[in-house]
Structure formats: structure tokens, C-alpha cells
Amino acid sequence: MMLVSTYVAPSPIEGVGIFAAVNIPAGSEIWRFSAAFDRTFTADELEELDEVQREYVARYGYTHMEDRSLTVVETDNGRFMNHSDHPNTDFTRPDVGYAIVDIPAGTEIVCDYGDFEEEFAMLPGRKFVHTESARL
């Protein structure tokens, strides 16, 4: 769950992204895993979804950092966070994400998907494929 005020807007990286609605100082905790906002799916639950739902999970989901058998989909603006090779956040911990630089209001909040998605790969076209969900 995002812990800072954000909004979704067109992104120069891809489609839409999540942007800071307020100035966020470096070192601020900006996200924390919350079962109330971060829905987890087991492999069996994913199998029960229809094709459109599985595509949604493949697009916005990621593998849980502590329990690799689970897929997480955030229900708040966090699901729109784009990848950057030069992130302004740190998501190497499974339970919390931090701003690693000052993030001025109006700036896109970006992370390195490789911090939490072991098999992350940038591909032409869609730019990112969630490899675990791609096997669904």
C-alpha cells in the first residue's frame, strides 16, 4: 500500500505511471505490504481466474518476495509504478519501500523491477513481462 499521496498520469516511460502528489524526502517510507491493499493469489486461485483476469494479474502482478508461490496485485496506485534502470526508490525489502532521493511533487515514482522480481526481463514492445504469470 502506498503511504504517500500519489496520482496516476501519462508516463514518458510507458502508458501511465504513479506520480508524487507531494514532496517526498529521501529516506521516506513510501510503501508497505498490506493484506488490505495488496491481494495475494495462490497458483490454484490463478488457475480459477478467466483469461481476462489472468491477463490483468500478469500485467500488474509480481511474485511475493518472501513466499515465491504467491503472486501479489496491488489495489492502489502502486500497481502503476513503472520500471527504471535508475529508480528513485528501493524495494529490496519484502515489506517496505523507500525513497532513495528527494522526489519532488509531480515526479514519477519508479522502481527497479529486478529488486523484487528475480526473473525480470525487459522485452521489446511491452517492455516488461512478468515471467511467472506469463506461464499461466
# chains A, B, ... in the order shown; residues from 1 in each chain; ligands from 1
call {"tool": "residues_around", "arguments": {"residues": "Phe116 (chain A)", "least_positions_apart": "3", "cutoff": "8 Å", "atoms": "only C-alpha atoms", "output": "list in words"}}
result
Tyr62, Thr63, His64, Met65, Phe91, Thr92, Pro94 and Tyr113 of chain A
call {"tool": "select_by_dssp", "arguments": {"residues": "region 8-97 of chain A", "states": "helix (DSSP H, G or I)", "output": "ChimeraX atom specification"}}
result
/A:43-48,51-60,77-80
call {"tool": "write_last_selection", "arguments": {"atoms": "N, CA, C and O atoms", "output": "PDB file, in the first residue's frame"}}
result
ATOM      1  N   ALA A  43      -1.281 -20.271  -6.777  1.00  0.00           N
ATOM      2  CA  ALA A  43      -1.336 -20.823  -8.134  1.00  0.00           C
ATOM      3  C   ALA A  43      -2.724 -21.391  -8.427  1.00  0.00           C
ATOM      4  O   ALA A  43      -3.260 -21.213  -9.532  1.00  0.00           O
ATOM      5  N   ASP A  44      -3.328 -22.048  -7.443  1.00  0.00           N
ATOM      6  CA  ASP A  44      -4.668 -22.606  -7.633  1.00  0.00           C
ATOM      7  C   ASP A  44      -5.698 -21.502  -7.871  1.00  0.00           C
ATOM      8  O   ASP A  44      -6.587 -21.641  -8.714  1.00  0.00           O
ATOM      9  N   GLU A  45      -5.589 -20.401  -7.141  1.00  0.00           N
ATOM     10  CA  GLU A  45      -6.516 -19.283  -7.336  1.00  0.00           C
ATOM     11  C   GLU A  45      -6.351 -18.671  -8.727  1.00  0.00           C
ATOM     12  O   GLU A  45      -7.336 -18.305  -9.369  1.00  0.00           O
ATOM     13  N   LEU A  46      -5.109 -18.572  -9.187  1.00  0.00           N
ATOM     14  CA  LEU A  46      -4.873 -18.027 -10.524  1.00  0.00           C
ATOM     15  C   LEU A  46      -5.484 -18.915 -11.591  1.00  0.00           C
ATOM     16  O   LEU A  46      -6.028 -18.424 -12.583  1.00  0.00           O
ATOM     17  N   GLU A  47      -5.403 -20.209 -11.397  1.00  0.00           N
ATOM     18  CA  GLU A  47      -5.991 -21.157 -12.346  1.00  0.00           C
ATOM     19  C   GLU A  47      -7.503 -20.987 -12.448  1.00  0.00           C
ATOM     20  O   GLU A  47      -8.084 -21.251 -13.503  1.00  0.00           O
ATOM     21  N   GLU A  48      -8.147 -20.555 -11.386  1.00  0.00           N
ATOM     22  CA  GLU A  48      -9.602 -20.387 -11.367  1.00  0.00           C
ATOM     23  C   GLU A  48     -10.063 -19.104 -12.065  1.00  0.00           C
ATOM     24  O   GLU A  48     -11.244 -18.949 -12.370  1.00  0.00           O
ATOM     25  N   GLU A  51      -9.555 -15.828 -18.529  1.00  0.00           N
ATOM     26  CA  GLU A  51      -8.412 -15.335 -19.302  1.00  0.00           C
ATOM     27  C   GLU A  51      -8.161 -13.838 -19.098  1.00  0.00           C
ATOM     28  O   GLU A  51      -7.018 -13.411 -18.916  1.00  0.00           O
ATOM     29  N   VAL A  52      -9.214 -13.049 -19.091  1.00  0.00           N
ATOM     30  CA  VAL A  52      -9.071 -11.594 -18.912  1.00  0.00           C
ATOM     31  C   VAL A  52      -8.483 -11.286 -17.535  1.00  0.00           C
ATOM     32  O   VAL A  52      -7.600 -10.429 -17.401  1.00  0.00           O
ATOM     33  N   GLN A  53      -8.959 -11.981 -16.508  1.00  0.00           N
ATOM     34  CA  GLN A  53      -8.436 -11.764 -15.160  1.00  0.00           C
ATOM     35  C   GLN A  53      -6.970 -12.183 -15.066  1.00  0.00           C
ATOM     36  O   GLN A  53      -6.163 -11.495 -14.435  1.00  0.00           O
ATOM     37  N   ARG A  54      -6.615 -13.301 -15.680  1.00  0.00           N
ATOM     38  CA  ARG A  54      -5.206 -13.746 -15.658  1.00  0.00           C
ATOM     39  C   ARG A  54      -4.302 -12.748 -16.377  1.00  0.00           C
ATOM     40  O   ARG A  54      -3.183 -12.493 -15.944  1.00  0.00           O
ATOM     41  N   GLU A  55      -4.799 -12.169 -17.474  1.00  0.00           N
ATOM     42  CA  GLU A  55      -4.022 -11.150 -18.184  1.00  0.00           C
ATOM     43  C   GLU A  55      -3.793  -9.926 -17.292  1.00  0.00           C
ATOM     44  O   GLU A  55      -2.712  -9.336 -17.293  1.00  0.00           O
ATOM     45  N   TYR A  56      -4.811  -9.544 -16.528  1.00  0.00           N
ATOM     46  CA  TYR A  56      -4.684  -8.423 -15.601  1.00  0.00           C
ATOM     47  C   TYR A  56      -3.614  -8.719 -14.553  1.00  0.00           C
ATOM     48  O   TYR A  56      -2.742  -7.895 -14.281  1.00  0.00           O
ATOM     49  N   VAL A  57      -3.668  -9.913 -13.978  1.00  0.00           N
ATOM     50  CA  VAL A  57      -2.677 -10.301 -12.968  1.00  0.00           C
ATOM     51  C   VAL A  57      -1.283 -10.362 -13.595  1.00  0.00           C
ATOM     52  O   VAL A  57      -0.306  -9.924 -12.984  1.00  0.00           O
ATOM     53  N   ALA A  58      -1.183 -10.866 -14.816  1.00  0.00           N
ATOM     54  CA  ALA A  58       0.119 -10.915 -15.496  1.00  0.00           C
ATOM     55  C   ALA A  58       0.675  -9.515 -15.713  1.00  0.00           C
ATOM     56  O   ALA A  58       1.877  -9.295 -15.607  1.00  0.00           O
ATOM     57  N   ARG A  59      -0.189  -8.560 -16.000  1.00  0.00           N
ATOM     58  CA  ARG A  59       0.238  -7.182 -16.265  1.00  0.00           C
ATOM     59  C   ARG A  59       0.635  -6.449 -14.983  1.00  0.00           C
ATOM     60  O   ARG A  59       1.630  -5.750 -14.947  1.00  0.00           O
ATOM     61  N   TYR A  60      -0.175  -6.599 -13.923  1.00  0.00           N
ATOM     62  CA  TYR A  60       0.027  -5.793 -12.728  1.00  0.00           C
ATOM     63  C   TYR A  60       0.574  -6.563 -11.538  1.00  0.00           C
ATOM     64  O   TYR A  60       0.903  -5.964 -10.519  1.00  0.00           O
ATOM     65  N   ASN A  77      -2.701   2.841  -6.222  1.00  0.00           N
ATOM     66  CA  ASN A  77      -1.903   3.372  -7.332  1.00  0.00           C
ATOM     67  C   ASN A  77      -0.554   2.682  -7.502  1.00  0.00           C
ATOM     68  O   ASN A  77       0.061   2.793  -8.561  1.00  0.00           O
ATOM     69  N   GLY A  78      -0.095   1.966  -6.492  1.00  0.00           N
ATOM     70  CA  GLY A  78       1.192   1.284  -6.589  1.00  0.00           C
ATOM     71  C   GLY A  78       1.296   0.358  -7.785  1.00  0.00           C
ATOM     72  O   GLY A  78       2.380   0.134  -8.311  1.00  0.00           O
ATOM     73  N   ARG A  79       0.178  -0.165  -8.256  1.00  0.00           N
ATOM     74  CA  ARG A  79       0.224  -1.099  -9.382  1.00  0.00           C
ATOM     75  C   ARG A  79       0.659  -0.415 -10.677  1.00  0.00           C
ATOM     76  O   ARG A  79       1.005  -1.081 -11.643  1.00  0.00           O
ATOM     77  N   PHE A  80       0.675   0.914 -10.700  1.00  0.00           N
ATOM     78  CA  PHE A  80       1.071   1.642 -11.902  1.00  0.00           C
ATOM     79  C   PHE A  80       2.542   2.068 -11.891  1.00  0.00           C
ATOM     80  O   PHE A  80       2.980   2.820 -12.764  1.00  0.00           O
TER      81      PHE A  80
END
call {"tool": "residues_around", "arguments": {"residues": "region 22-24 of chain A", "least_positions_apart": "5", "cutoff": "12 Å", "atoms": "only C-alpha atoms", "output": "VMD selection string"}}
result
chain A and resid 3 to 7 29 to 30 88 to 89 98 to 109
call {"tool": "residues_around", "arguments": {"residues": "Cys111 (chain A)", "least_positions_apart": "6", "cutoff": "6 Å", "atoms": "only C-alpha atoms", "output": "VMD selection string"}}
result
chain A and resid 83 to 84 87 89
call {"tool": "closest_residue", "arguments": {"among": "A:Asp85, A:Glu66, A:Asp50, A:Asp76", "to": "Val8 (chain A)", "atoms": "only C-alpha atoms"}}
result
A:Asp76
call {"tool": "closest_residue", "arguments": {"among": "A:Ile18, A:Asp112, A:Gly61, A:Asp67", "to": "Met81 (chain A)", "atoms": "only C-alpha atoms"}}
result
A:Ile18
call {"tool": "closest_residue", "arguments": {"among": "A:Gly97, A:Asp90, A:Ala36, A:Thr42", "to": "Gly114 (chain A)", "atoms": "only C-alpha atoms"}}
result
A:Asp90
call {"tool": "closest_residue", "arguments": {"among": "A:Val96, A:Ala35, A:Val110, A:Leu49", "to": "Ser11 (chain A)", "atoms": "only C-alpha atoms"}}
result
A:Val110
call {"tool": "residues_around", "arguments": {"residues": "Ser34 (chain A)", "least_positions_apart": "2", "cutoff": "10 Å", "atoms": "only C-alpha atoms", "output": "ChimeraX atom specification"}}
result
/A:1-2,31-32,36-39,74,95-96
call {"tool": "write_last_selection", "arguments": {"atoms": "N, CA and C atoms", "output": "compact mmCIF listing (two decimals), in the first residue's frame"}}
result
# COMPACT_ATOMS: atom_id res chain seq x y z
N MET A 1 0.85 -1.17 0.00
CA MET A 1 0.00 0.00 0.00
C MET A 1 0.90 1.24 0.00
N MET A 2 0.58 2.17 -0.90
CA MET A 2 1.33 3.41 -0.94
C MET A 2 1.03 4.21 0.34
N TRP A 31 5.97 2.87 0.79
CA TRP A 31 5.10 1.72 0.55
C TRP A 31 5.34 0.69 1.65
N ARG A 32 4.28 0.01 2.04
CA ARG A 32 4.38 -1.08 2.98
C ARG A 32 3.38 -2.15 2.56
N ALA A 36 -4.65 -5.69 3.27
CA ALA A 36 -5.89 -4.98 2.93
C ALA A 36 -5.83 -4.36 1.53
N PHE A 37 -4.63 -4.04 1.03
CA PHE A 37 -4.48 -3.39 -0.27
C PHE A 37 -3.68 -4.20 -1.26
N ASP A 38 -2.97 -5.19 -0.81
CA ASP A 38 -2.10 -5.98 -1.67
C ASP A 38 -2.63 -7.40 -1.72
N ARG A 39 -3.40 -7.72 -2.72
CA ARG A 39 -4.08 -9.00 -2.85
C ARG A 39 -3.08 -10.07 -3.28
N GLU A 74 -1.41 -5.18 -6.34
CA GLU A 74 -1.76 -4.05 -5.50
C GLU A 74 -3.06 -3.44 -6.01
N ASP A 95 8.81 -6.05 2.76
CA ASP A 95 7.70 -5.44 3.49
C ASP A 95 7.60 -3.94 3.35
N VAL A 96 8.63 -3.28 2.82
CA VAL A 96 8.64 -1.82 2.80
C VAL A 96 9.47 -1.29 1.63
call {"tool": "atom_distance", "arguments": {"atom1": "CA of Asp115 (chain A)", "atom2": "CA of Val72 (chain A)"}}
result
14.6 Å
call {"tool": "select_by_dssp", "arguments": {"residues": "chain A", "states": "strand (DSSP E)", "output": "VMD selection string"}}
result
chain A and resid 6 to 10 16 to 20 29 to 32 38 to 41 62 to 63 71 to 74 82 to 83 89 to 90 96 to 99 110 to 111
